[in-house]
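Asks: Have a look at this one before I ask anything.
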Amino acid sequence: MNKKKALINGVSGQDGSYLARLLLAKGYKVYGTSRDAQASSFHNLTRLGIKEDVKLLSMALNDFRSVLQVLATVKPDEIYNLAGQSSVGLSFEQPMETLESHGLGTFNLLEGIRFLRHPTRLYNAGSSDCFGNTGGVAADETTLFHPRSPYAVAKSTAYWAVANYREAYNLHACTGILFNHESPLRPERFVTRKIISSACRIARGSKEKLQLGNISIARDWGWSSEYVEAMWRMLQQDVPSDYVIATGETNSLQDFVVETFAQLDLDWKKYVSINESLLRPSEIMISRGNPLKAEQELGWKAEHRMNDVIRMMIEAEIGK
């Protein structure tokens, strides 16, 4: 029996690496792309011990010829589009690059699938940032978008592109609208990893201060390796549909900081300072997801909450 073939764009990132591990365990032949596969380190794949098991290819998502060439060569059964500029903060400094990496890249994939006529299923990585401020109301698949950053605008563009091609060309394509999900594979420019890494260094004797922006914001934090399971389940459905993936629990960034330092037996107030230069031009104050549809239709439910995420990230940081 031939193995299913999966193509993961953004395989070197947090979600891409965990997803590659999951699909390999399920017996897939896994291909992963990077703009320059020969120059990329793929350190997350190495960290998970799977780099040699993934076939790595070069592909530029903003170049249709490059996309078409890879799709024609691999003929994947499933594509997971996890690539693109992933920092909300950086998107304010690089709005056009952010829009191109998500919007144009997604259109190129959709056109490539349509052009080649191979029965490929597409998963697109959406973002809870598309919802903007919902006033604390838990967002579900019917909640209107109100993006408040160039990143969210770009993700919204990709979402509607997928929806349009699904309806217009009957493609098996869907978007997972994922709320915040973390792991030790996050780079330190993400605030959760920054907090964990700084707190662990302080616990080891560092005299540094942890500088943060607005700590009153609240997020729905989950565990990345659980969320990639939901991605896979979406592409196993007979009828494609979009899903909110979240824990349904929201905590403030201050809660995250307090719990992190508490797990290390430290008083956070002694080590944290607010730096106004880290404030964003516009901010989502409260982010909360309603994952009921995913639970009912996919049989997926988050098992880990914020305190679990912090504990596991600290364990990984200390064990490095």
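Chains: A, B, ... in order of the structure tokens. Residues: from 1 per chain. Ligands: from 1, in order shown.
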Give one line per residue of range 116-140 of chain A that approaches range 265-284 of chain A to at most 12 Å, naming the two atoms of the closest pair and their distance in Å to one decimal, counting only C-alpha atoms; sort by chain then ascending residue number and deliver it as CSV.
Replies:
residue,atom,partner,partner_atom,distance
A:Ser128,CA,A:Ile284,CA,10.1
A:Asp129,CA,A:Ile284,CA,7.7
A:Cys130,CA,A:Ile284,CA,10.1
A:Phe131,CA,A:Ile284,CA,9.0
A:Gly132,CA,A:Ile284,CA,5.7
A:Asn133,CA,A:Ile284,CA,5.3
A:Thr134,CA,A:Ile284,CA,8.7
A:Gly135,CA,A:Ile284,CA,9.5
A:Gly136,CA,A:Ile284,CA,10.2
Asks: Please identify all polymer residues within 10 Å of range 180-197 of chain A, counting only C-alpha atoms, omitting same-chain residues fewer than 5 positions from it, and present them as a PDB file with C-alpha atoms, in the first residue's frame.
Replies:
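In the end it all went to out.pdb:
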ATOM      1  CA  SER A  12      11.095  24.337  10.239  1.00  0.00           C
ATOM      2  CA  GLY A  13       8.748  26.288  12.523  1.00  0.00           C
ATOM      3  CA  GLN A  14       7.149  25.200  15.768  1.00  0.00           C
ATOM      4  CA  ASP A  15       3.934  23.782  14.280  1.00  0.00           C
ATOM      5  CA  SER A  17       8.085  20.390  13.172  1.00  0.00           C
ATOM      6  CA  TYR A  18       5.483  18.913  15.513  1.00  0.00           C
ATOM      7  CA  HIS A  43      17.126  22.915  14.020  1.00  0.00           C
ATOM      8  CA  ASN A  44      13.615  22.125  15.293  1.00  0.00           C
ATOM      9  CA  LEU A  45      13.494  18.965  13.177  1.00  0.00           C
ATOM     10  CA  ARG A  47      15.754  18.732  18.070  1.00  0.00           C
ATOM     11  CA  LEU A  48      12.824  16.339  17.575  1.00  0.00           C
ATOM     12  CA  SER A  86       4.657  34.936  11.940  1.00  0.00           C
ATOM     13  CA  SER A  87       5.333  37.939  14.195  1.00  0.00           C
ATOM     14  CA  VAL A  88       2.489  40.368  14.894  1.00  0.00           C
ATOM     15  CA  GLY A  89       4.924  42.995  16.141  1.00  0.00           C
ATOM     16  CA  SER A 127      -5.135  33.038  13.231  1.00  0.00           C
ATOM     17  CA  SER A 128      -7.339  34.196  16.077  1.00  0.00           C
ATOM     18  CA  ASP A 129      -5.881  37.668  15.463  1.00  0.00           C
ATOM     19  CA  ILE A 202      17.035  34.578  36.768  1.00  0.00           C
ATOM     20  CA  ALA A 203      16.388  31.414  38.771  1.00  0.00           C
ATOM     21  CA  LEU A 210      12.488  41.029  32.182  1.00  0.00           C
ATOM     22  CA  GLN A 211      11.122  43.889  30.079  1.00  0.00           C
ATOM     23  CA  LEU A 212       7.557  43.597  28.834  1.00  0.00           C
ATOM     24  CA  GLY A 213       4.916  45.797  27.182  1.00  0.00           C
ATOM     25  CA  ARG A 219      -4.920  35.273  25.631  1.00  0.00           C
ATOM     26  CA  ASP A 220      -6.193  31.717  25.167  1.00  0.00           C
ATOM     27  CA  TRP A 221      -2.969  29.682  25.483  1.00  0.00           C
ATOM     28  CA  GLY A 222      -2.678  26.041  24.381  1.00  0.00           C
ATOM     29  CA  TRP A 223       0.005  23.458  23.627  1.00  0.00           C
ATOM     30  CA  SER A 224       1.343  23.284  20.057  1.00  0.00           C
ATOM     31  CA  SER A 225       1.775  19.531  19.684  1.00  0.00           C
ATOM     32  CA  GLU A 226      -1.935  19.091  20.507  1.00  0.00           C
ATOM     33  CA  TYR A 227      -3.001  21.697  17.977  1.00  0.00           C
ATOM     34  CA  ILE A 245      -8.926  25.615  17.679  1.00  0.00           C
ATOM     35  CA  ALA A 246      -8.553  26.842  21.255  1.00  0.00           C
ATOM     36  CA  THR A 247      -8.720  25.817  24.904  1.00  0.00           C
ATOM     37  CA  LEU A 253      -0.152  38.079  30.320  1.00  0.00           C
ATOM     38  CA  PHE A 256       1.345  34.039  32.704  1.00  0.00           C
ATOM     39  CA  VAL A 257       4.223  35.965  34.272  1.00  0.00           C
ATOM     40  CA  THR A 260       5.992  31.303  35.567  1.00  0.00           C
ATOM     41  CA  PHE A 261       7.902  32.940  38.413  1.00  0.00           C
ATOM     42  CA  VAL A 272       9.798  42.508  35.772  1.00  0.00           C
ATOM     43  CA  SER A 287      -8.674  36.844  23.072  1.00  0.00           C
ATOM     44  CA  ARG A 288     -10.919  33.879  23.782  1.00  0.00           C
ATOM     45  CA  GLY A 289     -11.964  31.000  21.545  1.00  0.00           C
ATOM     46  CA  ARG A 305      -4.116  24.760  29.815  1.00  0.00           C
ATOM     47  CA  MET A 306      -1.833  27.711  30.597  1.00  0.00           C
ATOM     48  CA  VAL A 309       2.087  24.924  29.150  1.00  0.00           C
ATOM     49  CA  ILE A 310       4.260  26.942  31.524  1.00  0.00           C
ATOM     50  CA  ARG A 311       5.343  23.849  33.462  1.00  0.00           C
ATOM     51  CA  MET A 312       6.323  21.935  30.304  1.00  0.00           C
ATOM     52  CA  MET A 313       8.176  24.909  28.825  1.00  0.00           C
ATOM     53  CA  ILE A 314      10.117  25.405  32.079  1.00  0.00           C
ATOM     54  CA  GLU A 315      11.010  21.709  32.181  1.00  0.00           C
ATOM     55  CA  ALA A 316      12.318  21.905  28.614  1.00  0.00           C
ATOM     56  CA  GLU A 317      14.269  25.117  29.320  1.00  0.00           C
ATOM     57  CA  ILE A 318      15.908  23.706  32.443  1.00  0.00           C
TER      58      ILE A 318
END
Asks: Pick from A:Leu292, A:Ile177, A:Ala154, A:Ala138: nearest to Phe92 in chain A, with only C-alpha atoms counted?
Replies: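 Smallest distance to Phe92 in chain A is found for A:Ala154.
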Asks: Would you list the contacts of Ala6 in chain A as number ranges by chain, taking every protein, DNA or RNA residue within 6 Å and counting only C-alpha atoms, but skipping same-chain residues closer than 3 positions in sequence?
Replies: A: 30, 76-79
Asks: Just how far from CA of Val239 in chain A is CA of His118 in chain A, in Å to one decimal?
Replies: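 Value for the CA of His118 in chain A-CA of Val239 in chain A distance: 17.3 Å.
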Asks: According to DSSP computed on the backbone, where in range 124-240 of chain A is there strand (DSSP E)? Give the residues as a list in words.
Replies: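 Strand (DSSP E) members of range 124-240 of chain A, listed: Asn124, Ala125, Ala173, Cys174, Thr175, Gly176, Ile177, Leu178, His181, Glu182, Leu210, Gln211, Leu212, Ala218, Arg219, Gly222 and Trp223 of chain A.
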Asks: Just list the residues in range 12-102 of chain A DSSP gives alpha helix (DSSP H) on the backbone, as a PyMOL selection string.
Replies: chain A and resi 14-25+43-47+64-74+88-93+95-99
Asks: Could you tell me how far CA of Lys155 in chain A sits from CA of Gly103 in chain A, in Å to one decimal place?
Replies: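 CA of Lys155 in chain A lies 7.1 Å from CA of Gly103 in chain A.
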Asks: If we count only C-alpha atoms, what is near His102 in chain A at a cut-off of 12 Å, once residues fewer than 6 positions away on the same chain are taken out, given as a PyMOL selection string?
Replies: chain A and resi 9-10+60-62+81-86+91+95-96+108-109+124-127+150-162
Asks: Tell me, in Å to one decimal, how far CA of His172 in chain A is from CA of Tyr80 in chain A.
Replies: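 If I compute the distance from CA of His172 in chain A to CA of Tyr80 in chain A, I get 12.2 Å.
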Asks: Which residues come within 9 Å of Ala230 in chain A, counting only C-alpha atoms, excluding same-chain residues fewer than 5 positions away, as a ChimeraX atom specification?
Replies: /A:176,245,294,298-301
Asks: With distances taken over only C-alpha atoms, which residue among A:Thr142, A:Leu22, A:Gln254, A:Lys29 lies nearest Ser216 in chain A?
Replies: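 Nearest to Ser216 in chain A: A:Gln254.
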Asks: Give the answer as one residue: which of A:Val11, A:Leu264, A:Met285, A:Val54 has the shortest atom-to-atom distance to Tyr28 in chain A, using only C-alpha atoms?
Replies: A:Val54
